[in-house]
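Asker: If it helps, the file is called start_11.csv and holds CSV, C-alpha atoms:
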chain,number,residue,atom,x,y,z
F,1,MET,CA,-26.3,23.5,-37.8
F,2,ALA,CA,-28.5,24.3,-34.8
F,3,ARG,CA,-26.9,24.2,-31.4
F,4,ILE,CA,-27.5,20.9,-29.7
F,5,ARG,CA,-29.8,21.1,-26.7
F,6,LEU,CA,-28.4,19.4,-23.5
F,7,GLY,CA,-30.3,18.1,-20.5
F,8,VAL,CA,-28.3,17.4,-17.3
F,9,LEU,CA,-29.4,15.1,-14.5
F,10,GLY,CA,-27.4,15.1,-11.3
F,11,SER,CA,-27.6,14.4,-7.6
F,12,THR,CA,-24.4,15.9,-6.2
F,13,ARG,CA,-22.1,18.9,-6.8
F,14,GLY,CA,-22.0,18.6,-10.6
F,15,THR,CA,-18.3,19.5,-10.9
F,16,ASP,CA,-18.2,18.1,-14.4
F,17,LEU,CA,-21.1,20.3,-15.4
F,18,GLN,CA,-18.8,23.3,-14.8
F,19,ALA,CA,-16.5,21.9,-17.6
F,20,VAL,CA,-19.4,21.9,-20.0
F,21,ILE,CA,-20.5,25.5,-19.0
F,22,ASP,CA,-16.9,26.7,-19.3
F,23,ALA,CA,-16.4,25.1,-22.7
F,24,ILE,CA,-19.6,26.7,-24.0
F,25,LYS,CA,-18.6,30.1,-22.6
F,26,GLU,CA,-15.1,29.9,-24.1
F,27,GLY,CA,-16.6,29.0,-27.5
F,28,LYS,CA,-15.1,25.6,-27.5
F,29,LEU,CA,-18.4,23.8,-27.5
F,30,ASP,CA,-21.5,24.8,-29.6
F,31,ALA,CA,-24.2,23.6,-27.3
F,32,GLU,CA,-27.0,24.9,-25.1
F,33,ILE,CA,-27.8,23.6,-21.6
F,34,ALA,CA,-31.6,23.5,-21.8
F,35,LEU,CA,-32.2,22.0,-18.4
F,36,VAL,CA,-30.4,20.9,-15.2
F,37,ALA,CA,-32.6,18.6,-13.1
F,38,SER,CA,-32.0,17.0,-9.8
F,39,ASN,CA,-33.7,14.6,-7.4
F,40,LYS,CA,-32.0,16.4,-4.5
F,41,GLU,CA,-33.4,19.8,-3.6
F,42,ASP,CA,-30.2,20.9,-2.0
F,43,ALA,CA,-27.8,19.4,-4.5
F,44,TYR,CA,-25.1,22.0,-5.5
F,45,ILE,CA,-25.6,21.2,-9.1
F,46,LEU,CA,-28.9,23.1,-9.0
F,47,THR,CA,-27.2,26.1,-7.4
F,48,ARG,CA,-24.5,25.9,-10.0
F,49,ALA,CA,-27.1,26.0,-12.7
F,50,ARG,CA,-28.8,29.0,-11.2
F,51,VAL,CA,-25.5,30.9,-10.8
F,52,HIS,CA,-25.0,30.5,-14.5
F,53,ASP,CA,-28.6,31.4,-15.4
F,54,LEU,CA,-29.5,27.9,-16.5
F,55,PRO,CA,-33.0,26.4,-16.0
F,56,ALA,CA,-32.8,24.4,-12.8
F,57,LEU,CA,-35.5,22.0,-11.8
F,58,PHE,CA,-35.9,19.9,-8.6
F,59,VAL,CA,-38.1,16.8,-9.1
F,60,GLU,CA,-39.3,15.2,-5.9
F,61,SER,CA,-38.6,11.5,-5.9
F,62,ARG,CA,-39.8,10.5,-2.4
F,63,GLY,CA,-43.0,8.5,-2.4
F,64,LYS,CA,-42.9,7.9,-6.1
F,65,GLU,CA,-42.4,4.8,-8.2
F,66,ARG,CA,-39.2,5.0,-10.3
F,67,GLU,CA,-41.3,5.0,-13.5
F,68,ASP,CA,-43.5,7.9,-12.3
F,69,PHE,CA,-40.5,9.9,-11.3
F,70,ASP,CA,-38.8,9.2,-14.6
F,71,ARG,CA,-41.9,10.2,-16.5
F,72,GLU,CA,-41.8,13.6,-14.9
F,73,VAL,CA,-38.2,14.0,-15.7
F,74,MET,CA,-38.8,12.9,-19.3
F,75,LYS,CA,-41.7,15.4,-19.7
F,76,ALA,CA,-39.4,18.2,-18.5
F,77,LEU,CA,-36.7,17.1,-21.0
F,78,GLU,CA,-39.2,17.0,-23.9
F,79,GLU,CA,-40.6,20.4,-23.1
F,80,LYS,CA,-37.1,21.8,-23.3
F,81,GLY,CA,-36.4,20.0,-26.5
F,82,VAL,CA,-33.4,18.1,-25.1
F,83,GLU,CA,-31.5,16.0,-27.6
F,84,LEU,CA,-28.8,14.6,-25.4
F,85,VAL,CA,-29.0,13.8,-21.7
F,86,LEU,CA,-25.9,13.9,-19.5
F,87,LEU,CA,-25.8,12.1,-16.2
F,88,ILE,CA,-23.4,13.9,-14.0
F,89,GLY,CA,-23.2,12.3,-10.5
F,90,TYR,CA,-26.7,11.1,-10.9
F,91,LEU,CA,-27.3,8.6,-8.2
F,92,ARG,CA,-30.3,6.8,-9.7
F,93,LEU,CA,-30.8,4.0,-12.2
F,94,LEU,CA,-32.9,5.0,-15.2
F,95,SER,CA,-36.1,3.0,-15.7
F,96,PRO,CA,-36.4,0.8,-18.8
F,97,ALA,CA,-38.8,3.3,-20.4
F,98,PHE,CA,-36.3,6.2,-20.0
F,99,VAL,CA,-33.5,4.0,-21.4
F,100,GLU,CA,-35.7,3.0,-24.4
F,101,ARG,CA,-36.9,6.6,-25.1
F,102,TYR,CA,-33.3,8.0,-25.0
F,103,ARG,CA,-31.4,5.0,-26.4
F,104,ASN,CA,-27.9,6.1,-27.2
F,105,LYS,CA,-28.8,9.6,-26.2
F,106,VAL,CA,-27.9,9.4,-22.6
F,107,MET,CA,-24.2,9.7,-21.6
F,108,ASN,CA,-22.8,8.9,-18.2
F,109,ILE,CA,-19.4,9.6,-16.9
F,110,HIS,CA,-17.8,7.1,-14.6
F,111,PRO,CA,-14.7,7.7,-12.6
F,112,SER,CA,-12.8,4.6,-13.5
F,113,LEU,CA,-11.6,2.7,-16.6
F,114,LEU,CA,-14.6,0.4,-17.0
F,115,PRO,CA,-15.1,-2.5,-16.7
F,116,ALA,CA,-12.8,-2.0,-13.7
F,117,PHE,CA,-14.5,-0.6,-10.6
F,118,GLY,CA,-17.9,-0.4,-12.1
F,119,GLY,CA,-21.3,-1.7,-11.2
F,120,GLY,CA,-22.1,0.1,-8.0
F,121,MET,CA,-24.1,3.2,-7.2
F,122,ASP,CA,-22.8,4.2,-3.8
F,123,ARG,CA,-19.3,3.0,-4.0
F,124,ASN,CA,-16.3,5.2,-3.5
F,125,VAL,CA,-14.6,4.2,-6.8
F,126,HIS,CA,-11.4,6.1,-6.1
F,127,LYS,CA,-11.0,4.4,-2.7
F,128,ASP,CA,-11.6,1.0,-4.2
F,129,ALA,CA,-9.0,1.7,-6.9
F,130,LEU,CA,-6.4,2.8,-4.4
F,131,ASP,CA,-7.2,-0.1,-2.0
F,132,TYR,CA,-6.7,-2.5,-4.9
F,133,GLY,CA,-3.3,-0.9,-5.5
F,134,VAL,CA,-3.8,0.1,-9.2
F,135,LYS,CA,-1.1,2.3,-10.8
F,136,VAL,CA,-3.3,3.5,-13.6
F,137,THR,CA,-7.0,4.4,-13.4
F,138,GLY,CA,-9.0,7.0,-15.3
F,139,CYS,CA,-12.6,7.7,-16.5
F,140,THR,CA,-15.1,6.4,-18.9
F,141,LEU,CA,-17.8,8.2,-20.9
F,142,HIS,CA,-20.5,5.7,-22.0
F,143,PHE,CA,-24.0,5.5,-23.3
F,144,VAL,CA,-26.5,4.3,-20.6
F,145,ASP,CA,-28.2,1.0,-21.0
F,146,GLU,CA,-30.4,-1.1,-18.7
F,147,GLY,CA,-27.4,-2.1,-16.5
F,148,ALA,CA,-25.1,-0.2,-14.1
F,149,ASP,CA,-22.0,1.1,-15.9
F,150,SER,CA,-22.6,-1.5,-18.6
F,151,GLY,CA,-23.4,0.6,-21.7
F,152,PRO,CA,-21.3,1.0,-24.8
F,153,ILE,CA,-18.1,3.0,-24.2
F,154,ILE,CA,-17.7,6.3,-26.0
F,155,LEU,CA,-14.4,7.6,-24.7
F,156,GLN,CA,-11.9,6.6,-22.0
F,157,ARG,CA,-8.9,8.4,-20.6
F,158,ALA,CA,-6.2,7.0,-18.4
F,159,VAL,CA,-4.8,8.8,-15.3
F,160,ASP,CA,-1.6,7.7,-13.5
F,161,VAL,CA,-1.8,7.0,-9.8
F,162,ASP,CA,1.2,8.6,-8.1
F,163,GLU,CA,3.0,7.5,-5.0
F,164,ASN,CA,1.3,9.1,-2.0
F,165,GLU,CA,-1.9,9.5,-4.0
F,166,THR,CA,-4.9,10.1,-1.8
F,167,VAL,CA,-8.6,9.7,-2.6
F,168,ASP,CA,-8.9,13.5,-2.8
F,169,SER,CA,-5.9,14.1,-5.0
F,170,LEU,CA,-6.9,11.2,-7.3
F,171,LYS,CA,-10.5,12.5,-7.5
F,172,GLU,CA,-9.3,15.9,-8.6
F,173,LYS,CA,-7.1,14.5,-11.3
F,174,VAL,CA,-9.7,12.2,-12.6
F,175,GLN,CA,-12.4,14.9,-12.5
F,176,HIS,CA,-10.2,17.1,-14.7
F,177,ALA,CA,-10.1,14.2,-17.3
F,178,GLU,CA,-13.8,13.7,-16.9
F,179,GLY,CA,-14.6,17.3,-17.9
F,180,GLN,CA,-12.4,16.9,-21.0
F,181,LEU,CA,-14.1,13.6,-22.0
F,182,ILE,CA,-17.6,15.0,-21.6
F,183,VAL,CA,-16.9,18.0,-23.7
F,184,LYS,CA,-15.3,15.9,-26.4
F,185,GLY,CA,-18.2,13.4,-26.2
F,186,ILE,CA,-20.9,16.1,-26.6
F,187,LYS,CA,-19.0,17.5,-29.6
F,188,LEU,CA,-18.7,14.1,-31.3
F,189,PHE,CA,-22.4,13.5,-30.7
F,190,ALA,CA,-23.5,16.9,-32.0
F,191,GLU,CA,-21.4,16.3,-35.1
F,192,GLY,CA,-23.2,13.0,-35.7
F,193,ARG,CA,-19.9,11.1,-35.5
F,194,LEU,CA,-20.8,8.5,-32.9
F,195,LYS,CA,-22.0,5.2,-34.3
F,196,VAL,CA,-23.1,2.4,-32.0
F,197,GLU,CA,-22.6,-1.1,-33.2
F,198,GLY,CA,-23.4,-3.6,-30.5
F,199,ARG,CA,-21.1,-2.8,-27.6
F,200,LYS,CA,-18.8,-0.7,-29.7
F,201,VAL,CA,-19.0,3.0,-30.3
F,202,LEU,CA,-17.3,3.8,-33.6
F,203,ILE,CA,-16.0,7.3,-34.0
F,204,GLN,CA,-16.6,8.4,-37.6
F,205,PRO,CA,-14.1,10.7,-39.3
F,206,GLU,CA,-14.8,14.4,-39.3
F,207,LYS,CA,-17.1,15.4,-42.1
F,208,GLY,CA,-15.3,17.8,-44.4
N,1,MET,CA,26.2,-4.6,-6.2
N,2,ALA,CA,26.1,-8.1,-7.8
N,3,ARG,CA,24.0,-8.5,-10.8
N,4,ILE,CA,20.6,-9.8,-10.0
N,5,ARG,CA,20.0,-13.4,-11.2
N,6,LEU,CA,16.8,-13.9,-13.1
N,7,GLY,CA,14.8,-17.1,-13.8
N,8,VAL,CA,12.2,-17.1,-16.5
N,9,LEU,CA,9.2,-19.4,-16.9
N,10,GLY,CA,7.3,-19.5,-20.1
N,11,SER,CA,5.0,-21.7,-22.2
N,12,THR,CA,4.8,-19.7,-25.4
N,13,ARG,CA,6.9,-17.4,-27.6
N,14,GLY,CA,8.4,-15.4,-24.8
N,15,THR,CA,8.3,-12.1,-26.8
N,16,ASP,CA,8.7,-10.1,-23.6
N,17,LEU,CA,11.9,-12.0,-22.8
N,18,GLN,CA,13.4,-10.4,-25.8
N,19,ALA,CA,12.9,-7.0,-24.2
N,20,VAL,CA,14.9,-8.2,-21.2
N,21,ILE,CA,17.6,-9.7,-23.3
N,22,ASP,CA,17.9,-6.5,-25.4
N,23,ALA,CA,18.0,-4.3,-22.3
N,24,ILE,CA,20.8,-6.3,-20.8
N,25,LYS,CA,22.8,-6.3,-24.1
N,26,GLU,CA,22.3,-2.6,-24.5
N,27,GLY,CA,23.6,-2.0,-20.9
N,28,LYS,CA,20.2,-0.6,-19.8
N,29,LEU,CA,19.7,-3.4,-17.3
N,30,ASP,CA,22.2,-4.9,-15.0
N,31,ALA,CA,21.0,-8.4,-14.7
N,32,GLU,CA,21.8,-12.0,-15.7
N,33,ILE,CA,19.3,-14.5,-17.1
N,34,ALA,CA,20.3,-17.6,-15.2
N,35,LEU,CA,17.6,-19.9,-16.4
N,36,VAL,CA,14.8,-20.1,-18.9
N,37,ALA,CA,12.5,-23.0,-18.2
N,38,SER,CA,9.3,-24.2,-20.0
N,39,ASN,CA,6.7,-26.9,-19.6
N,40,LYS,CA,6.4,-27.0,-23.4
N,41,GLU,CA,9.2,-28.7,-25.2
N,42,ASP,CA,8.6,-26.9,-28.4
N,43,ALA,CA,7.9,-23.5,-27.0
N,44,TYR,CA,9.8,-20.8,-28.9
N,45,ILE,CA,10.9,-19.3,-25.6
N,46,LEU,CA,13.4,-22.2,-25.3
N,47,THR,CA,14.7,-21.6,-28.8
N,48,ARG,CA,14.9,-17.9,-28.1
N,49,ALA,CA,17.0,-18.7,-25.0
N,50,ARG,CA,19.3,-21.0,-26.9
N,51,VAL,CA,19.8,-18.5,-29.7
N,52,HIS,CA,21.1,-16.1,-27.1
N,53,ASP,CA,23.2,-18.6,-25.3
N,54,LEU,CA,21.0,-18.7,-22.2
N,55,PRO,CA,20.5,-21.9,-20.1
N,56,ALA,CA,17.3,-23.4,-21.5
N,57,LEU,CA,15.4,-26.2,-19.6
N,58,PHE,CA,12.4,-28.2,-20.6
N,59,VAL,CA,10.6,-29.7,-17.6
N,60,GLU,CA,8.0,-32.4,-18.4
N,61,SER,CA,4.7,-31.8,-16.8
N,62,ARG,CA,2.6,-34.6,-18.1
N,63,GLY,CA,1.7,-37.3,-15.6
N,64,LYS,CA,2.9,-35.2,-12.7
N,65,GLU,CA,1.1,-33.6,-9.8
N,66,ARG,CA,1.4,-29.8,-9.8
N,67,GLU,CA,3.4,-29.9,-6.6
N,68,ASP,CA,5.9,-32.4,-8.0
N,69,PHE,CA,6.4,-30.4,-11.2
N,70,ASP,CA,6.8,-27.2,-9.3
N,71,ARG,CA,9.4,-28.9,-7.0
N,72,GLU,CA,11.5,-29.7,-10.0
N,73,VAL,CA,11.3,-26.2,-11.3
N,74,MET,CA,12.2,-24.7,-7.9
N,75,LYS,CA,15.2,-27.1,-7.6
N,76,ALA,CA,16.4,-25.8,-11.0
N,77,LEU,CA,15.9,-22.2,-10.0
N,78,GLU,CA,17.8,-22.8,-6.7
N,79,GLU,CA,20.7,-24.5,-8.4
N,80,LYS,CA,21.1,-21.4,-10.6
N,81,GLY,CA,20.8,-19.0,-7.7
N,82,VAL,CA,17.8,-17.3,-9.1
N,83,GLU,CA,16.7,-14.3,-7.0
N,84,LEU,CA,13.8,-13.1,-9.1
N,85,VAL,CA,11.4,-15.2,-11.2
N,86,LEU,CA,9.6,-13.8,-14.2
N,87,LEU,CA,6.5,-15.4,-15.6
N,88,ILE,CA,6.3,-14.6,-19.3
N,89,GLY,CA,3.4,-16.3,-21.0
N,90,TYR,CA,3.5,-19.0,-18.4
N,91,LEU,CA,0.3,-21.0,-18.8
N,92,ARG,CA,0.3,-22.6,-15.4
N,93,LEU,CA,-0.8,-21.6,-11.9
N,94,LEU,CA,1.9,-21.8,-9.3
N,95,SER,CA,1.4,-24.2,-6.4
N,96,PRO,CA,1.1,-22.8,-2.9
N,97,ALA,CA,4.5,-24.0,-2.0
N,98,PHE,CA,6.1,-22.2,-5.0
N,99,VAL,CA,4.2,-19.0,-4.1
N,100,GLU,CA,5.3,-19.3,-0.5
N,101,ARG,CA,9.0,-19.9,-1.3
N,102,TYR,CA,9.2,-17.0,-3.7
N,103,ARG,CA,6.7,-14.6,-2.0
N,104,ASN,CA,7.1,-11.2,-3.7
N,105,LYS,CA,9.9,-12.6,-5.8
N,106,VAL,CA,7.8,-13.8,-8.8
N,107,MET,CA,6.6,-11.2,-11.3
N,108,ASN,CA,3.9,-11.8,-13.9
N,109,ILE,CA,3.0,-9.6,-16.8
N,110,HIS,CA,-0.6,-9.5,-17.8
N,111,PRO,CA,-1.9,-7.9,-21.0
N,112,SER,CA,-4.6,-5.7,-19.5
N,113,LEU,CA,-5.1,-3.1,-16.8
N,114,LEU,CA,-6.0,-5.3,-13.9
N,115,PRO,CA,-8.5,-5.9,-12.4
N,116,ALA,CA,-10.1,-5.5,-15.9
N,117,PHE,CA,-9.9,-8.6,-18.0
N,118,GLY,CA,-8.1,-10.8,-15.5
N,119,GLY,CA,-8.6,-14.1,-13.9
N,120,GLY,CA,-8.4,-16.5,-16.8
N,121,MET,CA,-5.6,-18.7,-18.1
N,122,ASP,CA,-6.7,-19.4,-21.6
N,123,ARG,CA,-8.6,-16.3,-22.4
N,124,ASN,CA,-7.8,-14.0,-25.3
N,125,VAL,CA,-7.5,-10.9,-23.3
N,126,HIS,CA,-7.2,-8.5,-26.2
N,127,LYS,CA,-10.2,-10.0,-28.0
N,128,ASP,CA,-12.2,-9.7,-24.7
N,129,ALA,CA,-11.2,-6.0,-24.4
N,130,LEU,CA,-12.1,-5.2,-28.0
N,131,ASP,CA,-15.4,-7.1,-27.7
N,132,TYR,CA,-16.2,-5.1,-24.6
N,133,GLY,CA,-15.5,-1.9,-26.6
N,134,VAL,CA,-12.8,-0.4,-24.4
N,135,LYS,CA,-11.0,2.7,-25.6
N,136,VAL,CA,-8.1,2.3,-23.2
N,137,THR,CA,-6.4,-0.9,-22.2
N,138,GLY,CA,-2.8,-1.7,-21.2
N,139,CYS,CA,-0.7,-4.1,-19.2
N,140,THR,CA,0.1,-4.9,-15.6
N,141,LEU,CA,3.2,-6.1,-13.9
N,142,HIS,CA,2.3,-7.8,-10.6
N,143,PHE,CA,3.7,-10.0,-7.9
N,144,VAL,CA,2.2,-13.5,-8.0
N,145,ASP,CA,0.1,-14.7,-5.2
N,146,GLU,CA,-2.2,-17.7,-4.7
N,147,GLY,CA,-4.9,-16.4,-7.1
N,148,ALA,CA,-5.0,-15.8,-10.9
N,149,ASP,CA,-3.9,-12.2,-11.7
N,150,SER,CA,-4.7,-11.2,-8.2
N,151,GLY,CA,-1.3,-10.3,-6.7
N,152,PRO,CA,-0.1,-6.8,-5.7
N,153,ILE,CA,0.4,-4.5,-8.7
N,154,ILE,CA,4.0,-3.3,-9.3
N,155,LEU,CA,3.5,-1.2,-12.5
N,156,GLN,CA,0.8,-0.5,-15.1
N,157,ARG,CA,0.8,1.2,-18.4
N,158,ALA,CA,-2.1,2.4,-20.4
N,159,VAL,CA,-2.4,1.8,-24.2
N,160,ASP,CA,-5.0,3.6,-26.3
N,161,VAL,CA,-7.3,1.5,-28.5
N,162,ASP,CA,-7.5,3.1,-31.9
N,163,GLU,CA,-10.3,3.0,-34.4
N,164,ASN,CA,-10.0,-0.1,-36.6
N,165,GLU,CA,-7.8,-1.7,-33.9
N,166,THR,CA,-7.5,-5.5,-34.4
N,167,VAL,CA,-6.5,-8.2,-31.9
N,168,ASP,CA,-3.1,-8.4,-33.6
N,169,SER,CA,-2.4,-4.6,-33.8
N,170,LEU,CA,-3.4,-4.2,-30.2
N,171,LYS,CA,-1.3,-7.2,-29.0
N,172,GLU,CA,1.7,-5.6,-30.7
N,173,LYS,CA,1.2,-2.3,-29.0
N,174,VAL,CA,0.6,-3.8,-25.6
N,175,GLN,CA,3.6,-6.1,-25.9
N,176,HIS,CA,5.8,-3.1,-26.5
N,177,ALA,CA,4.6,-1.6,-23.3
N,178,GLU,CA,5.0,-5.0,-21.5
N,179,GLY,CA,8.6,-5.1,-22.4
N,180,GLN,CA,9.2,-1.7,-21.0
N,181,LEU,CA,7.3,-2.5,-17.8
N,182,ILE,CA,9.2,-5.7,-17.2
N,183,VAL,CA,12.6,-4.1,-17.6
N,184,LYS,CA,11.6,-1.2,-15.3
N,185,GLY,CA,10.2,-3.7,-12.7
N,186,ILE,CA,13.4,-5.8,-12.7
N,187,LYS,CA,15.4,-2.6,-12.2
N,188,LEU,CA,13.3,-1.4,-9.3
N,189,PHE,CA,13.4,-4.9,-7.7
N,190,ALA,CA,17.2,-5.1,-8.1
N,191,GLU,CA,17.6,-1.7,-6.5
N,192,GLY,CA,15.5,-2.8,-3.5
N,193,ARG,CA,13.0,-0.1,-4.2
N,194,LEU,CA,9.8,-2.3,-4.2
N,195,LYS,CA,8.1,-2.4,-0.8
N,196,VAL,CA,4.9,-4.5,-0.6
N,197,GLU,CA,2.3,-3.4,2.0
N,198,GLY,CA,-0.8,-5.5,1.8
N,199,ARG,CA,-2.1,-5.1,-1.7
N,200,LYS,CA,0.0,-2.1,-2.4
N,201,VAL,CA,3.5,-2.0,-3.9
N,202,LEU,CA,5.2,1.2,-2.8
N,203,ILE,CA,8.0,2.4,-5.0
N,204,GLN,CA,10.8,3.8,-2.8
N,205,PRO,CA,12.9,6.8,-3.9
N,206,GLU,CA,16.2,6.2,-5.6
N,207,LYS,CA,19.0,5.6,-3.1
N,208,GLY,CA,22.0,7.8,-3.1
Would you mind writing the file's structure down as C-alpha cells?

Answerer:
Amino acid sequence: MARIRLGVLGSTRGTDLQAVIDAIKEGKLDAEIALVASNKEDAYILTRARVHDLPALFVESRGKEREDFDREVMKALEEKGVELVLLIGYLRLLSPAFVERYRNKVMNIHPSLLPAFGGGMDRNVHKDALDYGVKVTGCTLHFVDEGADSGPIILQRAVDVDENETVDSLKEKVQHAEGQLIVKGIKLFAEGRLKVEGRKVLIQPEKG
Amino acid sequence: MARIRLGVLGSTRGTDLQAVIDAIKEGKLDAEIALVASNKEDAYILTRARVHDLPALFVESRGKEREDFDREVMKALEEKGVELVLLIGYLRLLSPAFVERYRNKVMNIHPSLLPAFGGGMDRNVHKDALDYGVKVTGCTLHFVDEGADSGPIILQRAVDVDENETVDSLKEKVQHAEGQLIVKGIKLFAEGRLKVEGRKVLIQPEKG
C-alpha cells in the first residue's frame, strides 16, 4: 500500500501538526505530508513545516473572493497529489466547490465534544466551556461539510476538567488528545476503514 | 453528623433511585430517603419505593396550576424534613417558587453531556445523540434553576459510544454512570463540599 499523501491547511501555530510529524517520524503512522499551506504568511505552522523540511506554501487571501482563493489552494493540493486534507487551526470556511471536490476527504479537529461549543470561527472554545462550568470536555475529529463544525463525526475523546482548571491548562490537555485523534483518524482513513452513512461515520473492522 | 434527608421526585421507572437505595444499603452513602413522590400514579418509581419500605406519595397534577401542584409537593417535602431534592426522570418543570425555595438544593440528572442534547422534556436524548453520530456522550448532574437543563453543573461523566450501539445499549451504559454520579453528588452535598459561584460548582477539598 502506497503511503497516503496528506495536505495540511492552517492559520495558526499548528500544534497538532507536530503530533502528525512525530507519529510519522516514530514509524507509528505511514503517511507523507505533501503540503502545508496557510493563508497567514507569518503563521508558525509554515515555520514548523520548513523546520521539518516539509513543503510550505503561503497563499494570499486578501483581495480575493473565497472561491478564487480556494481554487488556488485546491490546485496546489492536486499538484502534490494530496489524498486527505487536514484542517489544523484553519480559520476559514471552505467554499462549496472545495467541500464538493474533497467530500469526506477533509478532516477538521475541533477542541470540544461537538455539538457542544461548536459553530463559531473566532470563539475561545475552552473559555466558553469553562464559563459554562462543564466538568467534561474534549475534542472532535470530523469530516468537513458545508456548515461550521457540522460534518460527520469520525472520533471524539473526552477530557476531564479539573478544579482550578485554566484556559491554558485545559487547552494543553485537549491538544494532547487532539494529536492522538488526528493520528488515529489518518490511520483509519488510510486503511479504508471509515465509512460515512449520512451523519454517521462507521469504523470498519481491521482487514486481516 | 446527622444523616441527610433526601426527597425524590420522579415520573417514570426511577432506575437511578435504585443506585441510591443500593448505596445506602451497602453503607456507601450515609443518607435517608424521606420521601419519593410522583405525579404519575402508576409510575414504577412509586412501586420501587414501596418495595423498599420508603414513603411513597402520589400527587395528582391534573386540573391544577403548576404553582398549586408544586405547593403540595413542597409541603410534603417540608413535612418530611427534606434537605436535598433529587429529580429522577421527573417530567415536569419546577415553578419559580419551588426553584427559589430550594435554590442549589435540587439536583437533576440528565442523560447527556450538557450543553449537548439538553433543553427538551420529551426528547429521546440517546436517540438524538446516536442520530447526530457522536462517539462520546455521557451524563450530567446539575442543580436545577429556572430553565431546562440549564443549571450549574455538579458532575459529568463521559461514556463512549461503541460501533453497533443502540438506543437501549447506550441507555443502559449511561444509566450506570448516572447512578454513580448521583451517589457521588449526594455525598459531596452532605459533606458541604459543593460551592456554587455563578454557573460554576466548585468542589471543596475533603474536610479533616

Asker: Give the answer as one residue: which of N:His110, N:Val136, N:Val36, N:Gly89 has the shortest atom-to-atom distance to Val159 in chain F, using all atoms listed in the file?

Answerer: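 Checking each candidate against Val159 in chain F, we get N:Val136 as the closest.
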
Asker: Between N:Val167, N:Leu141, N:Ile186, N:Leu77, which one has atoms that come closest to chain F, using only C-alpha atoms?

Answerer: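 Ranking N:Val167, N:Leu141, N:Ile186, N:Leu77 by distance to chain F, first place goes to N:Leu141.
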
Asker: Kindly indicate which residue among F:Ala37, F:Ile154, F:Leu93, F:Leu130 lies nearest to Val183 in chain F, using all atoms listed in the file for the distances.

Answerer: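 Counting all atoms listed in the file, the residue closest to Val183 in chain F is F:Ile154.
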
Asker: Report as a PDB file with C-alpha atoms, in the frame of the given file the set of chain N residues whose atoms approach chain F to within 7 Å, with distances computed over only C-alpha atoms.

Answerer:
ATOM      1  CA  PRO N 115      -8.500  -5.900 -12.400  1.00  0.00           C
ATOM      2  CA  ALA N 116     -10.100  -5.500 -15.900  1.00  0.00           C
ATOM      3  CA  TYR N 132     -16.200  -5.100 -24.600  1.00  0.00           C
ATOM      4  CA  GLY N 133     -15.500  -1.900 -26.600  1.00  0.00           C
ATOM      5  CA  VAL N 134     -12.800  -0.400 -24.400  1.00  0.00           C
ATOM      6  CA  LYS N 135     -11.000   2.700 -25.600  1.00  0.00           C
ATOM      7  CA  VAL N 136      -8.100   2.300 -23.200  1.00  0.00           C
ATOM      8  CA  PRO N 152      -0.100  -6.800  -5.700  1.00  0.00           C
ATOM      9  CA  ILE N 153       0.400  -4.500  -8.700  1.00  0.00           C
ATOM     10  CA  LEU N 155       3.500  -1.200 -12.500  1.00  0.00           C
ATOM     11  CA  GLN N 156       0.800  -0.500 -15.100  1.00  0.00           C
ATOM     12  CA  ARG N 157       0.800   1.200 -18.400  1.00  0.00           C
ATOM     13  CA  ALA N 158      -2.100   2.400 -20.400  1.00  0.00           C
ATOM     14  CA  ARG N 199      -2.100  -5.100  -1.700  1.00  0.00           C
ATOM     15  CA  LYS N 200       0.000  -2.100  -2.400  1.00  0.00           C
TER      16      LYS N 200
END

Asker: If we count all atoms listed in the file, what is near range 187-193 of chain F at a cut-off of 10 Å, once residues fewer than 4 positions away on the same chain are taken out, given as a PyMOL selection string?

Answerer: chain F and resi 1-5+28-31+83-84+104-105+154+181-183+201-207

Asker: To one decimal place in Å, what is the distance between CA of Lys195 in chain N and CA of Ile109 in chain N?

Answerer: 18.3 Å

Asker: Please return as a list in words every residue within 10 Å of (8.9, -23.4, -29.1), taking into account only C-alpha atoms and the file's own coordinates.

Answerer: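 Checked against the point, the hits come out as Gly10, Ser11, Thr12, Arg13, Gly14, Ser38, Lys40, Glu41, Asp42, Ala43, Tyr44, Ile45, Leu46, Thr47 and Arg48 of chain N.
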
Asker: So what do you get for CA of Leu86 in chain N versus CA of Val196 in chain N, distance-wise?

Answerer: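 The value is 17.1 Å.
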
Asker: For a test of reading the model, state the distance in Å between CA of Leu54 in chain N and CA of Tyr90 in chain N, rounded to one decimal.

Answerer: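 Atom-to-atom, CA of Leu54 in chain N to CA of Tyr90 in chain N, that is 17.9 Å.
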
Asker: Limit the output to C-alpha atoms and give range 186-199 of chain N as a short mmCIF file (atom, residue, chain, number, x, y, z; two decimals), in the first residue's frame.

Answerer:
data_model
loop_
_atom_site.label_atom_id
_atom_site.label_comp_id
_atom_site.auth_asym_id
_atom_site.auth_seq_id
_atom_site.Cartn_x
_atom_site.Cartn_y
_atom_site.Cartn_z
CA ILE N 186 -25.33 13.44 47.31
CA LYS N 187 -22.17 12.62 49.26
CA LEU N 188 -20.45 15.87 48.28
CA PHE N 189 -23.59 17.84 49.13
CA ALA N 190 -23.98 16.14 52.51
CA GLU N 191 -20.34 16.87 53.31
CA GLY N 192 -20.90 20.56 52.49
CA ARG N 193 -18.32 20.41 49.73
CA LEU N 194 -20.34 21.92 46.87
CA LYS N 195 -19.93 25.65 46.48
CA VAL N 196 -21.88 27.40 43.74
CA GLU N 197 -20.30 30.50 42.21
CA GLY N 198 -22.34 31.80 39.30
CA ARG N 199 -22.52 28.97 36.80
#
